[in-house]
Every structure is written in structure tokens, then in C-alpha cells.
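Structure first, then comments.
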Amino acid sequence: MKLHALALLIGLVATRAFAGGQTPATIEKTEISGIPEDRLSTALQSDLQKMVGQPYEEKAATQIADRIHAELPDYVVTSTTSTGTQPGRLVLVFAVAHNINAKYIVESVDLKGTEKSKLSEALWNDMQKMVGHPVDDVAADQFRERMETELKTAHIRRSVARGSDPQHVRILYDVPGKNSVGFSGSGGYHSRQKFSGRANFAYTFYDFVGVRVDAFNDASTLLERYAGYKYGAWTEYKRVRFNAEYSSLRAQWSPGTLQAASAAGTSAELYRLRDTIDPSAKITISPAFHITLGVTASQLQIQVPTSHYESVRTANGNADYNFYLSSSEKHRLSGSYDIRVAGDTLGGSASFTRHVFDQNYEWKLKKPAPGTSFTPDGHEIDFNLQLGRITGTAPMFERFSLGDTSRLVGFNKYDISPLGSSRMAYGAVTYTNRYISTFFESGSLWNDGQSRVLHNSIGGNLLLGNILHAPAAMRIILNAARPGIGIPLQKNNVHPIFTLGGNI
Amino acid sequence: MLLWAAMLSAQTVSVKLEGDQLRVAAPQLHFLGSDVLQRLHNGIAVNYIFKIGITPNRYSRPTTVTSYRFVISYDIFEEKFAVSRIEPNPRSITHLSENAAQLWCLDSITLSTTGLAADQSFWLTLEYQTVEPKPAADPSESLIGQLIDVFSKKAQREESRGTITGGPFNLSDLRKSR
């Protein structure tokens, strides 16, 4: 009897091997991944159990997957297999998930940007338990949250990448660098105001504490050329970034400003040194909308009639936004409203209110190819509108000016308004493509009660790196240099302004 | 103004009447932005909420809104998209191209015409945005606890969102054009 049974078994195995070329593996266990098994009907759970011990057949597995999908139609259901505990055995897994990649088996769990020794052993071991199982988004995100807690960072990114074996994937946790150090610099040249430059050093510890140092020699931004240093530190907690800055800047006045101040009898407003403390808090209301609140205390060293100090203290508020108007991300609206108020309650010698409204609309006629942010590859039209108003008597560094390397380029600010103004209106339309940027600008500066004179100019910049098809690093430098010209649109005294670079 | 008009015309929504349901058509709408596509190509599923509503004129807020919730994912081996409609009427589909995945979502979106008079003029507003997956709800958590949680939460990743509007429509005209 035993011999008969053995012969039958050998015959059966031989027949199967002959018919299929290979003996199908036996199902050792069935698993449901992604949902609790009790979400399936009792009948389906029972049929799953009946598969244990049966030879694996893809058709039968697909039928079960279809039945699960019929019961849970919003889920993507796929069947997959993993190696069993013994040769010739397998575990049949039904991945039930909203992420189609749940059907793939995790081959490895890796870290980028940190080492496993930085994580607790318990967390690392738990993470490794994902290996050999289908991708489970919920579990993988829970591990990311645990990592963020242990590493004290909130910016860990998770991704799923193809593994070395078919149908196997790697889960990768990308941790931003703990320490990051950056150096940057920018510069510009205006044929009437000469060179301006800025160098910056920044250090960031994870993404929640940072310090920065800036060195300036800038004739473009304000009415005075100022040179000196600014030190700053920030820390970010939840939605709020606290920032504190101290700057010490020496002012140098143009002959035009000195002459105008002398004629107007306001030479006493021209300071020689300006030291400023500027604490603020930036609140992220939504990723596209921020509010910044702060105070600024400046001490000005004035030399006329005798050397003395005056202080200016302001309470500051700023709201900025930035969002796309269309799903294609071709239309972007951004802008800000800024208010500074100086008055008796804050102390200081100045009393004024300063409003600036800055709006920008960007229309990408053709989006640049990915990875070409330094070498604009598309076509873009940009509309910019800036309105400013000051009531009261503001110090020189708060007064408005136009006619520098970035606004009303065809003019020299000391020709338009050497002492600045309390009212400002400015608009620009800029077209940029791969090789050139051309613009039309219009702006006016005036004081309360004065008539307005509109200044118009046209101009353009060359993106030399693209024009010359320079190699990558040189292309970035040449494109940043942007040699340009601004031509005032007026009947007399038409002297073009030549520029290099842009905003400091 | 011309630019604005040109921009809006490229982003409008039209509708078809099927029985007592309005079905949305917005062939110009590409709601899978570059950031979202990057996340999808990294194997991460992205949750979307669409809200469709009827308004009496272009700029008023919808009185009744129907929400649709989708999860979109991208098969990193087969390089095809999969879409799950979570609510209402759960369904899912796989092996779609990028455009087909977007069209499948939009084709799923309908709005009942119940309560609309045949000659009543109306506008249709379709809003969409990505959302973080719903965390498991803790039924024991109090309202105050939930509020504290909301305000102490780190600012979430930048959302992809948009709104398109179409109209004016009325049911009589839509019935004639069927």
C-alpha cells in the first residue's frame, strides 16, 4: 500500500513537472496588506484561508484580487508573492491600497543625508521590518514622523525608488543636512552711480536655527551709498520664524544730494552712521501667505550743526503672498503690502507712516525646461506695480527713490529727486526670453502738494551666457552679469544708462 | 484686461447635461502641477479634493457644494498612473497616462440639477487642492485639543490648488444642445 502510494506521488510529481516544466510553489500563508482583514466579507476571508496549502496559481490569485476590489472598489488591489519559510513555499500577499506602488515588495529601507547611528536602535529596527513586505504608506509615514522627532527636523522627505530586483523597491528617507553653510554674493553697476555689491555668509542648523552676516557697499537701494555689515540670527518654531538683525552702516551722500539738501536747508537730515536693531516675527498663515511683524530702532549720527545722535523707531508690518492663478502654473500673482509707523509712543525723534504696495503678475508664455532656472529658457512677461506713500517726516533711508539698476533704469535717481520723495508710483512691463530681457518702465516721485512728473524709459539686458552658449558654470556667471542699457524717453538730455547685474 | 480675459478663457469649465446630472468638462485644466508630479514620480500618493458648486453669478460663493476625494499614484515600474476615488461612490482605475488620469477625475465629477429651474441662469465653480492624507481620528480628543493641534501644526507642504469657473448656463439651453 505504501509502495503504491509512493509510486502514485512520484507519478503525480513527474506529470506536473513534465506538464508545467516546474512544480508550482505551495501557498504557505495568505496576507492582506494595507487594510485590516476584517474589512473583507466573511466568505472572502474564508476563501483566503482555503488557499493555504494549495499550489499557487496566478489565475486564482487574480480572481481573489478582483473579489477584494469588488468589495472595496476605491482601493487598488494587486496580488504579489514573497518567499516562504522553506523552499517551494511562498506567501501570497494581496496589497490593498490607494497607492499603486503598494504591490511592490520593499527591498531595502535607506537613509540619505544622515547615518543610522543618529537614529535610535529601536526605530531603525522597526523601519527594517518593512523589508520583505509590500509598501505600506501609512507605516512608512509613521516612521518618517518618528525620525523627525528623533532628529529634531521637520523636513524629511520619503520616496520610493526601483530596487535592484524586479517588482522590488527601495524606501528612501532623505534628511536635510544638519549643518549647512552658504556663501553668496551679488553686484551691480550703474554708469552714473558706479558699483554696488553685497557678500553674504549664512549658517543653518537643520532648518530651525540660522545666522547670517552680510557685507554691503550699495549705491543702488537707497538714496545714500551705504557700506558696512549686518548680522542676523533666526529661529523657526512651528509656523513662526523669529528674526533679529543688527546693522552698522556708514552713509556717503552724492554731490547732488548734498547740494539739494544745502539749498533746501535740510542738511541736518543727512546722517553719517546708521546703526539699526531689527527684531521681527514672520508668521506662515498658509504656504503662500505670510505676515511679518516687528520693530526697528535706528540710531543716526548726524554732523550738522554739531555731531549728535538721533533715534528713529518704527513698528513694522508686512503681508506677502505668492500663488499661481492657473493649474498650468503659467500665471503667477505675487505681492506685498508694507507699513512702518513711527510715532511718539515708540519714542524716537521721527514721526511718520510709510506704506508700500508692491504687486507683480508673471505670465509664462512658454515654461522653461526643467532644470534651467539659471538660464531662462521660456518666454515670460512680467508686470510690476509699486505705490508708496509717506505721511509725516521720514528719515532719508525711508524716503522713495527711482532710477537705479532695477527701477527706472534709464534715469539717475539723483537727477530725478536727489532728496527722495514721500510719494512714489512705478510700473514696469518686462519681456524675457532665452537671450534678452526688454522692458518699458514708467514712474513718478513727488512730495505732497507738488505736481507729478512722469518719467518713462525703455531698455534691455543681454543674457550673455545663453547667447554665447557658454559652459554651465560660466553661463550662470555671464547670465547674472546681464549687461544692459536704459534709455530715458524724453525730448532733451537723452543720456542712456549702462548697467551690469541687477538687484543687490 | 485682455490678458486677463485670455487667461480666463483658457481656464474655463463647460458642462453637459446627463439626465439630472451636470457633468464637468475642462480640457484645459492640468491640475497635476510640477511639484505634484515630482512627488508622484517619487512613488508618493497624492490626495486631491475637488469641490463643485453652483452660483447665481460669477463672483458669488456657491450655495451648495459637492466634494470629491481622489488619491492619485504613479506606478514607478510601469510608469502609469492610478486613481482611486474615495468618495462619493468609491472606484479605482489603473494604467492611465497623465492626461487620462486627470480626465478620469474630471469625468467622475457630476452635480445634481435638483432645485434648479429650467430657465434659471447659473455659474459653475470647480475648486481643487491637494491635501495631506487624513490621520486616524482620535475620538477621545476634545474640540479644544483638536484646535490646539491645528494651530500648533507645522505649516504643511505647499498645496497645489486652483479654481475655475464657467457660465452662465441654464438647463433649457443645455437640454437643447444634448
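For the C-alpha cells, the naming scheme is as follows: chains receive sequential letters (A, B, ...) according to their order of presentation, residues are indexed from 1 within each chain, and ligands are indexed from 1 in presentation order.
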Go through chain B and flag each residue having an atom no more than 6 Å from chain A; for those, report the closest pair of atoms plus their distance in Å to one decimal, using only C-alpha atoms, ordered by chain and rising number, as JSON lines.
{"residue": "B:His30", "atom": "CA", "partner": "A:Ser327", "partner_atom": "CA", "distance": 5.4}
{"residue": "B:Phe31", "atom": "CA", "partner": "A:Ser327", "partner_atom": "CA", "distance": 5.0}
{"residue": "B:Asn42", "atom": "CA", "partner": "A:Ser159", "partner_atom": "CA", "distance": 4.9}
{"residue": "B:Gly43", "atom": "CA", "partner": "A:Val160", "partner_atom": "CA", "distance": 4.8}
{"residue": "B:Ala45", "atom": "CA", "partner": "A:Asn99", "partner_atom": "CA", "distance": 5.4}
{"residue": "B:Ser73", "atom": "CA", "partner": "A:Asn99", "partner_atom": "CA", "distance": 5.2}
{"residue": "B:Asp75", "atom": "CA", "partner": "A:Asn101", "partner_atom": "CA", "distance": 5.6}
{"residue": "B:Ser84", "atom": "CA", "partner": "A:Asp74", "partner_atom": "CA", "distance": 5.2}
{"residue": "B:Arg85", "atom": "CA", "partner": "A:Asp74", "partner_atom": "CA", "distance": 5.6}
{"residue": "B:Ile86", "atom": "CA", "partner": "A:Asp74", "partner_atom": "CA", "distance": 5.4}
{"residue": "B:Pro90", "atom": "CA", "partner": "A:Asp74", "partner_atom": "CA", "distance": 4.4}
{"residue": "B:Arg91", "atom": "CA", "partner": "A:Asp74", "partner_atom": "CA", "distance": 4.2}
{"residue": "B:Ser92", "atom": "CA", "partner": "A:Asp74", "partner_atom": "CA", "distance": 4.9}
{"residue": "B:Lys154", "atom": "CA", "partner": "A:Lys238", "partner_atom": "CA", "distance": 4.4}
{"residue": "B:Ala155", "atom": "CA", "partner": "A:Arg239", "partner_atom": "CA", "distance": 5.5}
{"residue": "B:Glu158", "atom": "CA", "partner": "A:Pro287", "partner_atom": "CA", "distance": 5.3}
Take the selection from the previous step and output its residues with C-alpha atoms, as a PDB file, in the first residue's frame.
ATOM      1  CA  HIS B  30      -3.948  70.419 -15.775  1.00  0.00           C
ATOM      2  CA  PHE B  31      -4.196  70.119 -12.050  1.00  0.00           C
ATOM      3  CA  ASN B  42       8.901  59.557  -6.231  1.00  0.00           C
ATOM      4  CA  GLY B  43       6.278  56.906  -5.572  1.00  0.00           C
ATOM      5  CA  ALA B  45       0.437  59.029  -3.494  1.00  0.00           C
ATOM      6  CA  SER B  73      -0.425  57.476  -7.571  1.00  0.00           C
ATOM      7  CA  ASP B  75       3.487  53.129 -10.779  1.00  0.00           C
ATOM      8  CA  SER B  84      -8.800  55.987  -6.594  1.00  0.00           C
ATOM      9  CA  ARG B  85     -11.995  57.898  -5.990  1.00  0.00           C
ATOM     10  CA  ILE B  86     -12.525  57.660  -2.255  1.00  0.00           C
ATOM     11  CA  PRO B  90     -15.705  54.622  -4.449  1.00  0.00           C
ATOM     12  CA  ARG B  91     -13.991  53.438  -7.621  1.00  0.00           C
ATOM     13  CA  SER B  92     -10.466  52.987  -8.878  1.00  0.00           C
ATOM     14  CA  LYS B 154       3.898  72.976  11.309  1.00  0.00           C
ATOM     15  CA  ALA B 155       2.996  74.720   8.074  1.00  0.00           C
ATOM     16  CA  GLU B 158       2.854  73.863  -0.335  1.00  0.00           C
TER      17      GLU B 158
END
task: Any chance you could list, as a VMD selection string, the residues in region 237-454 of chain A that come up strand (DSSP E) when DSSP is run on the backbone?
output: chain A and resid 237 240 to 252 271 to 286 289 to 302 308 to 324 331 to 342 351 to 366 379 to 393 423 to 432 436 to 446
- Item | Contacts of Gly132 (chain A) within 9 Å, only C-alpha atoms, excl. fewer than 3 positions in-chain, as a VMD selection string | chain A and resid 82 to 83 105 to 108 129 168
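CA of Phe81 (chain B) to CA of Leu32 (chain B) spans 11.5 Å [interatomic distance, one decimal].
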Would you list the contacts of Tyr68 (chain B) as a PDB file with N, CA and C atoms, in the first residue's frame, taking every protein, DNA or RNA residue within 7 Å and counting only C-alpha atoms, but skipping same-chain residues closer than 4 positions in sequence?
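File written: part-v2.pdb
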ATOM      1  N   ILE B  49      -8.797  67.000  -3.285  1.00  0.00           N
ATOM      2  CA  ILE B  49     -10.223  67.240  -3.054  1.00  0.00           C
ATOM      3  C   ILE B  49     -10.712  68.190  -4.142  1.00  0.00           C
ATOM      4  N   PHE B  50     -11.799  67.813  -4.785  1.00  0.00           N
ATOM      5  CA  PHE B  50     -12.466  68.692  -5.753  1.00  0.00           C
ATOM      6  C   PHE B  50     -13.799  69.096  -5.144  1.00  0.00           C
ATOM      7  N   LYS B  51     -14.109  70.373  -5.279  1.00  0.00           N
ATOM      8  CA  LYS B  51     -15.415  70.854  -4.809  1.00  0.00           C
ATOM      9  C   LYS B  51     -16.098  71.552  -5.968  1.00  0.00           C
ATOM     10  N   GLU B  87     -14.420  59.144  -2.300  1.00  0.00           N
ATOM     11  CA  GLU B  87     -15.827  59.495  -2.061  1.00  0.00           C
ATOM     12  C   GLU B  87     -16.248  60.571  -3.032  1.00  0.00           C
ATOM     13  N   PRO B  88     -17.509  60.598  -3.452  1.00  0.00           N
ATOM     14  CA  PRO B  88     -18.529  59.563  -3.219  1.00  0.00           C
ATOM     15  C   PRO B  88     -18.339  58.423  -4.226  1.00  0.00           C
TER      16      PRO B  88
END
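Here CA of Ser351 (chain A) and CA of Arg272 (chain A) stand 20.5 Å from one another.
Residues with any atom within 7 Å of region 168-177 of chain B, counting only C-alpha atoms and excluding same-chain neighbours fewer than 2 positions away, are Lys16, Leu17, Ala118, Asp119, Gln120, Ser121, Phe122, Trp123 and Gly166 of chain B.
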For Gln450 (chain A), the closest of A:Ala428, A:Ser267, A:Arg423, A:Gly378 counting only C-alpha atoms is A:Arg423
Can you tell me, as number ranges by chain, what residues are no more than 9 Å from Glu145 (chain A) when counting only C-alpha atoms, ignoring any on the same chain fewer than 5 positions away?
-> A: 140, 150, 154, 156
Go ahead and write the residues just picked, C-alpha atoms, as a PDB file, in the first residue's frame.
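Heads up, here's the output in again.pdb:
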ATOM      1  CA  ALA A 140       6.289  54.446   6.174  1.00  0.00           C
ATOM      2  CA  GLU A 150      14.363  61.977  16.976  1.00  0.00           C
ATOM      3  CA  ALA A 154      10.508  68.590  10.118  1.00  0.00           C
ATOM      4  CA  ILE A 156      12.398  64.663   5.955  1.00  0.00           C
TER       5      ILE A 156
END
Spatial neighbours of Gly343 (chain A), 9 Å, only C-alpha atoms, chain gap at least 6 places, as a PyMOL selection string:
chain A and resi 313-315+349-353
Selection to disk with C-alpha atoms, as a short mmCIF file (atom, residue, chain, number, x, y, z; two decimals), in the first residue's frame:
data_model
loop_
_atom_site.label_atom_id
_atom_site.label_comp_id
_atom_site.auth_asym_id
_atom_site.auth_seq_id
_atom_site.Cartn_x
_atom_site.Cartn_y
_atom_site.Cartn_z
CA ARG A 313 11.86 103.82 15.98
CA THR A 314 9.20 102.18 13.87
CA ALA A 315 6.64 99.44 14.26
CA SER A 349 12.64 111.77 17.03
CA ALA A 350 10.74 110.91 13.84
CA SER A 351 7.02 110.71 13.33
CA PHE A 352 5.74 109.27 10.08
CA THR A 353 3.79 106.48 8.42
#
